[in-house]
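Asks: Next comes the structure file run28.cif, holding mmCIF, C-alpha atoms and all ligand atoms.
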data_model
#
loop_
_atom_site.label_atom_id
_atom_site.label_comp_id
_atom_site.auth_asym_id
_atom_site.auth_seq_id
_atom_site.Cartn_x
_atom_site.Cartn_y
_atom_site.Cartn_z
CA MET A 1 12.95 -17.16 -1.54
CA ASP A 2 16.38 -16.86 -3.16
CA LEU A 3 17.42 -13.45 -1.85
CA ASN A 4 20.90 -13.66 -3.35
CA LEU A 5 19.41 -14.00 -6.79
CA LEU A 6 16.97 -11.14 -6.21
CA ASN A 7 19.70 -8.83 -4.89
CA ASP A 8 21.98 -9.78 -7.71
CA LYS A 9 19.45 -9.11 -10.46
CA LEU A 10 17.46 -6.26 -9.02
CA VAL A 11 19.55 -4.05 -6.78
CA ASN A 12 21.44 -1.62 -8.99
CA LYS A 13 21.42 2.05 -9.87
CA ASN A 14 18.58 1.78 -12.41
CA SER A 15 16.27 -0.27 -10.27
CA LEU A 16 15.83 -1.16 -6.59
CA SER A 17 18.01 0.37 -3.88
CA LYS A 18 17.21 -2.26 -1.27
CA ILE A 19 15.20 -5.44 -0.69
CA ILE A 20 13.78 -6.14 2.77
CA TYR A 21 12.65 -9.73 3.19
CA PHE A 22 10.58 -11.37 5.93
CA GLU A 23 9.78 -15.05 6.15
CA LYS A 24 6.45 -14.00 7.68
CA LEU A 25 4.81 -10.59 8.01
CA ASP A 26 1.30 -9.29 8.62
CA SER A 27 1.25 -7.01 5.62
CA THR A 28 4.01 -5.58 3.44
CA ASN A 29 1.96 -2.40 2.91
CA VAL A 30 1.47 -1.88 6.64
CA TYR A 31 5.19 -2.50 7.28
CA ALA A 32 6.08 0.01 4.57
CA LYS A 33 3.68 2.58 6.05
CA GLN A 34 5.02 2.14 9.58
CA ASN A 35 8.66 2.40 8.63
CA ASN A 36 10.15 5.33 6.87
CA LEU A 37 11.50 3.57 3.80
CA ASP A 38 13.48 5.17 1.00
CA ASP A 39 12.58 5.45 -2.65
CA ASN A 40 13.02 2.17 -4.58
CA THR A 41 12.85 -0.10 -1.55
CA LEU A 42 11.05 -3.42 -1.97
CA VAL A 43 9.44 -5.17 1.00
CA ILE A 44 8.63 -8.80 0.37
CA THR A 45 7.43 -11.73 2.44
CA SER A 46 6.94 -15.45 1.80
CA TYR A 47 3.96 -15.57 4.10
CA GLN A 48 1.71 -12.58 4.48
CA ALA A 49 -0.56 -13.48 7.40
CA ASN A 50 -2.88 -10.45 7.38
CA GLY A 51 -2.71 -9.04 3.88
CA ILE A 52 -4.98 -6.13 3.07
CA GLY A 53 -7.00 -5.84 -0.10
CA ARG A 54 -9.08 -3.02 -1.50
CA PHE A 55 -12.18 -2.06 0.49
CA ASN A 56 -10.22 -3.23 3.57
CA ARG A 57 -10.79 -6.85 2.68
CA LEU A 58 -8.40 -9.59 3.70
CA TRP A 59 -5.93 -10.58 0.96
CA LYS A 60 -5.45 -14.28 1.60
CA SER A 61 -2.30 -15.98 0.41
CA THR A 62 -1.04 -19.43 1.35
CA PRO A 63 2.58 -19.55 2.72
CA HIS A 64 5.45 -19.76 0.19
CA ASP A 65 3.15 -20.12 -2.82
CA ASN A 66 2.65 -16.56 -4.00
CA LEU A 67 4.19 -13.16 -4.46
CA THR A 68 3.23 -10.52 -1.89
CA PHE A 69 5.32 -7.36 -1.93
CA SER A 70 5.29 -3.58 -1.72
CA LEU A 71 7.42 -1.23 -3.75
CA ILE A 72 8.18 2.26 -2.45
CA LYS A 73 8.40 4.71 -5.31
CA TYR A 74 8.24 8.51 -5.52
CA PHE A 75 6.56 10.10 -8.54
CA ARG A 76 6.28 13.75 -9.52
CA LEU A 77 2.55 13.88 -10.16
CA GLY A 78 -0.36 16.18 -9.42
CA ILE A 79 -3.14 15.04 -7.09
CA GLU A 80 -5.41 14.47 -10.08
CA GLU A 81 -2.81 12.20 -11.68
CA ILE A 82 -2.30 9.85 -8.76
CA HIS A 83 -4.46 7.08 -10.19
CA PHE A 84 -2.14 6.75 -13.19
CA VAL A 85 0.31 4.92 -10.91
CA ASN A 86 -2.44 2.32 -10.54
CA PHE A 87 -2.93 2.10 -14.27
CA TYR A 88 0.81 1.98 -14.91
CA SER A 89 1.49 -0.76 -12.34
CA SER A 90 -1.43 -2.91 -13.45
CA TYR A 91 -0.58 -2.49 -17.13
CA ILE A 92 3.06 -3.51 -16.54
CA LEU A 93 1.93 -6.49 -14.46
CA CYS A 94 -0.60 -7.64 -17.05
CA ASN A 95 1.85 -7.23 -19.89
CA MET A 96 4.58 -9.12 -18.07
CA LEU A 97 2.25 -12.00 -17.18
CA LYS A 98 1.02 -12.21 -20.77
CA PHE A 99 4.57 -12.44 -22.01
CA GLU A 100 5.62 -15.01 -19.41
CA ILE A 101 2.84 -17.44 -20.20
CA SER A 102 2.23 -16.56 -23.84
CA HIS A 103 3.27 -20.05 -24.98
CA TYR A 104 0.47 -21.74 -23.04
CA LYS A 105 -2.75 -22.36 -24.94
CA ASN A 106 -6.25 -21.25 -23.95
CA ILE A 107 -5.03 -18.55 -21.61
CA GLU A 108 -6.45 -15.06 -21.61
CA ILE A 109 -5.02 -12.43 -19.33
CA SER A 110 -6.92 -9.19 -19.04
CA LEU A 111 -7.22 -6.06 -16.93
CA LYS A 112 -10.24 -5.29 -14.81
CA TRP A 113 -10.80 -1.66 -13.89
CA PRO A 114 -9.32 -0.14 -11.87
CA ASN A 115 -6.36 -2.45 -11.22
CA ASP A 116 -7.08 -6.18 -11.11
CA ILE A 117 -5.54 -8.81 -13.34
CA LEU A 118 -7.75 -11.65 -14.52
CA LEU A 119 -6.78 -15.00 -15.97
CA ASN A 120 -9.59 -16.59 -17.95
CA GLY A 121 -11.99 -14.28 -16.11
CA LYS A 122 -10.76 -15.11 -12.58
CA LYS A 123 -8.61 -12.84 -10.45
CA ILE A 124 -4.91 -13.69 -10.19
CA ALA A 125 -3.48 -10.39 -9.01
CA GLY A 126 -4.48 -7.21 -7.24
CA ILE A 127 -2.86 -3.91 -6.36
CA LEU A 128 -3.30 -1.75 -3.28
CA LEU A 129 -1.88 1.74 -3.46
CA ASP A 130 -1.06 3.96 -0.51
CA VAL A 131 -0.08 7.52 -1.24
CA SER A 132 1.47 10.08 1.11
CA HIS A 133 3.33 13.43 0.89
CA LEU A 134 0.26 14.71 -0.93
CA LYS A 135 1.25 18.36 -0.64
CA LYS A 136 4.73 17.80 -2.06
CA ASP A 137 5.71 17.73 -5.75
CA TYR A 138 7.08 14.23 -5.33
CA LYS A 139 4.42 11.99 -3.84
CA LYS A 140 5.33 8.80 -2.06
CA PHE A 141 3.61 5.65 -3.32
CA ILE A 142 3.51 2.29 -1.64
CA ILE A 143 2.55 -0.04 -4.46
CA GLY A 144 1.33 -3.27 -2.82
CA ILE A 145 1.03 -6.21 -5.17
CA GLY A 146 -0.30 -9.71 -4.61
CA ILE A 147 0.02 -12.31 -7.38
CA ASN A 148 -1.45 -15.79 -6.98
CA VAL A 149 1.30 -17.87 -8.49
CA ASN A 150 1.40 -21.46 -7.20
CA GLN A 151 -1.52 -21.57 -4.74
CA LYS A 152 -3.57 -24.74 -5.24
CA ASP A 153 -6.65 -24.26 -3.07
CA PHE A 154 -8.84 -21.24 -2.51
CA SER A 155 -11.39 -20.84 0.27
CA SER A 156 -15.01 -21.45 -0.68
CA ASP A 157 -15.91 -17.73 -0.61
CA ILE A 158 -13.48 -16.92 -3.42
CA MET A 159 -12.88 -20.18 -5.29
CA HIS A 160 -15.30 -19.29 -8.08
CA LYS A 161 -13.70 -15.90 -8.72
CA ALA A 162 -9.99 -16.33 -7.93
CA THR A 163 -7.29 -18.57 -9.33
CA SER A 164 -3.51 -18.86 -9.62
CA LEU A 165 -1.16 -19.09 -12.56
CA SER A 166 -0.19 -22.68 -11.79
CA ASN A 167 -3.84 -23.78 -11.47
CA GLU A 168 -4.53 -22.60 -15.00
CA ILE A 169 -1.35 -23.79 -16.72
CA ASP A 170 -0.67 -26.92 -14.63
CA PHE A 171 2.91 -25.92 -14.05
CA GLU A 172 4.74 -24.39 -11.07
CA ILE A 173 6.34 -21.03 -11.74
CA SER A 174 9.45 -19.57 -10.10
CA LEU A 175 8.45 -16.72 -7.79
CA GLU A 176 11.87 -15.11 -8.13
CA GLN A 177 11.75 -15.19 -11.92
CA LEU A 178 8.33 -13.59 -12.01
CA LEU A 179 9.32 -10.87 -9.56
CA ILE A 180 12.52 -10.13 -11.49
CA ARG A 181 10.55 -9.76 -14.72
CA PHE A 182 8.00 -7.47 -13.09
CA ILE A 183 10.58 -5.16 -11.51
CA GLU A 184 12.67 -5.05 -14.71
CA ASN A 185 9.61 -4.11 -16.74
CA PHE A 186 8.45 -1.59 -14.16
CA TYR A 187 11.75 0.29 -14.18
CA SER A 188 12.44 0.07 -17.90
CA ARG A 189 9.16 1.73 -18.92
CA LEU A 190 8.81 4.45 -16.31
CA ASN A 191 8.61 7.25 -18.89
CA PHE A 192 5.24 5.77 -19.82
CA ILE A 193 3.79 7.46 -16.74
CA ASP A 194 4.28 10.75 -18.63
CA SER A 195 2.48 9.50 -21.76
CA LYS A 196 -0.86 9.03 -20.11
CA GLU A 197 -2.93 8.90 -23.29
CA GLU A 198 -0.74 6.18 -24.73
CA LEU A 199 -0.82 4.27 -21.44
CA MET A 200 -4.61 4.44 -21.26
CA LYS A 201 -5.00 3.39 -24.90
CA LEU A 202 -3.02 0.21 -24.22
CA TRP A 203 -4.76 -0.34 -20.89
CA ILE A 204 -8.18 -0.11 -22.55
CA LEU A 205 -7.11 -2.59 -25.25
CA ASP A 206 -6.32 -5.15 -22.55
CA SER A 207 -9.50 -4.57 -20.58
CA HIS A 208 -12.37 -5.65 -22.88
CA ILE A 209 -15.01 -3.91 -20.81
CA LYS A 210 -17.01 -1.74 -23.17
CA GLY A 211 -20.68 -2.70 -23.24
CA LYS A 212 -20.39 -5.10 -20.30
CA LYS A 213 -23.11 -5.28 -17.66
CA VAL A 214 -21.75 -4.84 -14.15
CA ASN A 215 -22.58 -4.36 -10.52
CA PHE A 216 -20.82 -1.16 -9.51
CA LYS A 217 -19.79 -0.61 -5.92
CA LYS A 218 -18.98 2.91 -4.75
CA VAL A 219 -16.01 3.44 -2.45
CA GLU A 220 -17.73 6.12 -0.39
CA ASP A 221 -20.81 4.28 0.85
CA ASP A 222 -20.38 0.63 -0.20
CA THR A 223 -23.66 0.72 -2.15
CA GLU A 224 -24.07 -1.40 -5.29
CA GLN A 225 -25.90 -0.54 -8.48
CA GLU A 226 -26.33 -2.24 -11.84
CA ALA A 227 -24.86 -0.45 -14.82
CA VAL A 228 -23.59 -0.87 -18.36
CA ILE A 229 -20.08 0.31 -19.15
CA MET A 230 -20.11 2.99 -21.82
CA ASN A 231 -16.45 3.85 -21.94
CA LEU A 232 -13.15 4.00 -20.14
CA ASP A 233 -11.77 7.47 -20.84
CA ASN A 234 -8.16 8.45 -21.32
CA ASP A 235 -8.19 10.15 -17.93
CA GLY A 236 -8.93 6.78 -16.26
CA GLY A 237 -12.58 7.58 -15.51
CA LEU A 238 -15.16 4.86 -16.09
CA GLN A 239 -18.39 6.02 -17.75
CA MET A 240 -21.41 3.94 -16.85
CA LYS A 241 -25.09 4.07 -17.69
CA PHE A 242 -27.26 3.17 -14.70
CA ASN A 243 -30.69 1.54 -14.76
CA ASN A 244 -32.40 4.90 -14.23
CA GLY A 245 -30.80 6.15 -17.47
CA ASN A 246 -28.20 8.38 -15.79
CA ILE A 247 -24.69 8.34 -17.21
CA SER A 248 -21.94 9.09 -14.66
CA LYS A 249 -18.19 8.86 -14.56
CA PHE A 250 -16.21 7.38 -11.66
CA TYR A 251 -12.52 7.36 -10.86
CA SER A 252 -12.67 4.76 -8.11
CA GLY A 253 -14.89 1.88 -7.04
CA GLU A 254 -15.29 -1.74 -7.96
CA ILE A 255 -17.04 -3.49 -10.82
CA ASN A 256 -18.24 -7.07 -10.90
CA PHE A 257 -19.35 -8.47 -14.21
CA ILE A 258 -22.86 -9.84 -14.44
CA SER A 259 -22.82 -12.82 -16.74
C1 LIG B 1 -7.00 -6.06 -4.07
O1 LIG B 1 -7.91 -6.04 -3.24
O2 LIG B 1 -7.20 -6.47 -5.21
C2 LIG B 1 -5.63 -5.57 -3.71
C3 LIG B 1 -4.80 -6.65 -3.13
C4 LIG B 1 -3.41 -6.19 -2.76
C5 LIG B 1 -2.66 -7.25 -1.97
C6 LIG B 1 -1.22 -6.88 -1.78
S1 LIG B 1 -0.26 -8.24 -1.23
C7 LIG B 1 1.09 -7.20 -0.87
C8 LIG B 1 0.53 -5.91 -0.32
N1 LIG B 1 0.39 -5.96 1.13
C9 LIG B 1 -0.88 -5.95 1.50
O3 LIG B 1 -1.27 -6.06 2.69
N2 LIG B 1 -1.69 -5.87 0.44
C10 LIG B 1 -0.93 -5.76 -0.79
#
Take the structure in this file and express it as structure tokens.
Replies:
Amino acid sequence: MDLNLLNDKLVNKNSLSKIIYFEKLDSTNVYAKQNNLDDNTLVITSYQANGIGRFNRLWKSTPHDNLTFSLIKYFRLGIEEIHFVNFYSSYILCNMLKFEISHYKNIEISLKWPNDILLNGKKIAGILLDVSHLKKDYKKFIIGIGINVNQKDFSSDIMHKATSLSNEIDFEISLEQLLIRFIENFYSRLNFIDSKEELMKLWILDSHIKGKKVNFKKVEDDTEQEAVIMNLDNDGGLQMKFNNGNISKFYSGEINFIS
């Protein structure tokens, strides 16, 4: 990882205040939680040995191939608005990736509720958010992001549903360049977090989920149920119709498309 380049491009008064790099680390999110890091600090590692995914799954990433980092950012948001940081981060990530590989043919990048990025239907990036200072006006977010960039092989349990950018476009991509683009985009559009309706409109456009049949997994009890997606509302809630005819709205959970 070219730290000089990253510091040069990203550490300035409108962006990051500090970059902390480790050749190897268990998890950038865990490191960020265990150390009292300031606003706008980025923790990044070339080899995350015990990365954490949503639902406490392992986020596997082969050494030196991918981006695994956590950004510490404070936002002035109410409790009920916390999930917009998810939507903002995933939208920026999706948009940046689309732009970066727009010249390649037969590539479709889309968003999968609540915060995954898919490339031709397979997952290439995920976000894990940790929030603290919940009683304060300014809440502290640890935005953990994993992007599969140049990884070639995936273990048999995920090979049919995960991929990397380089696997799909047959070309290695610079990790530094991708990270620089993401951070630049993230900081240049921060006022978007205050235009939630606009943000959700764009998010929904990139998500293509209306009418899709899914298996829905609840966060609370890990149970799965089949449903059809009715709508993704401007408040980030996903409306689904279940097999028993009930329509309910959820703000967290996981969907898996049934093809
Ligand atoms: C998901 O399950 O989709 C979320 C994956 C988030 C992985 C990233 S990699 C950097 C950061 N550190 C972690 O331990 N997890 C997040």
Asks: So which one's closest to Ile19 of chain A, A:Asp2, A:Asp206, A:Asp221, A:Asp157? Using all atoms listed in the file, please.
Replies: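 Checking each of A:Asp2, A:Asp206, A:Asp221, A:Asp157 against Ile19 of chain A, counting all atoms listed in the file, the winner is A:Asp2.
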Asks: Just the number, please: distance in Å from atom CA of Asn246 of chain A to atom CA of Gln225 of chain A, one decimal.
Replies: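 Interatomic distance here is 11.8 Å.
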Asks: Using all atoms listed in the file, which residue out of A:Arg181, A:Lys112, A:His103, A:Lys136 lies closest to Tyr91 of chain A?
Replies: A:Lys112
Asks: Select the residues contacting ligand LIG 1 (chain B) at a distance of at most 7 Å, based on only C-alpha atoms and all ligand atoms, then format the selection as a list in words.
Replies: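 Going residue by residue within 7 Å of ligand LIG 1 (chain B), we get Ser27, Thr28, Asn29, Val30, Asn50, Gly51, Ile52, Gly53, Arg54, Phe55, Arg57, Trp59, Thr68, Phe69, Ser70, Asp116, Ala125, Gly126, Ile127, Leu128, Gly144, Ile145 and Gly146 of chain A.
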Asks: Considering all atoms listed in the file, can you say which of A:Tyr31, A:Tyr74, A:Tyr88, A:Phe141 comes closest to Leu199 of chain A?
Replies: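 Going through A:Tyr31, A:Tyr74, A:Tyr88, A:Phe141 one by one, the smallest distance to Leu199 of chain A is for A:Tyr88.
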Asks: Residues of segment 39-94 of chain A that approach segment 248-253 of chain A to 12 Å or less, counting all atoms listed in the file: could you list each one with the shortest pair of atoms and its distance in Å to one decimal, rows by chain and increasing residue number, as a Markdown table?
Replies:
| residue | atom | partner | partner_atom | distance |
| --- | --- | --- | --- | --- |
| A:Arg54 | CA | A:Gly253 | CA | 9.4 |
| A:Phe55 | CA | A:Gly253 | CA | 8.9 |
| A:Glu80 | CA | A:Tyr251 | CA | 10.1 |
| A:Glu81 | CA | A:Tyr251 | CA | 10.9 |
| A:Ile82 | CA | A:Tyr251 | CA | 10.7 |
| A:His83 | CA | A:Tyr251 | CA | 8.1 |
| A:Phe84 | CA | A:Tyr251 | CA | 10.7 |
| A:Asn86 | CA | A:Ser252 | CA | 10.8 |
| A:Phe87 | CA | A:Tyr251 | CA | 11.5 |
Asks: Nearest to Lys105 of chain A: which of A:Asp153, A:Leu238, A:Ile169, A:Ile117 is it, counting only C-alpha atoms?
Replies: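 Smallest separation from Lys105 of chain A among the options: A:Ile169.
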Asks: What does the distance between atom CA of Ile147 of chain A and atom CA of Leu67 of chain A come to in Å, to one decimal place?
Replies: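 For atom CA of Ile147 of chain A relative to atom CA of Leu67 of chain A, the distance reads 5.2 Å.
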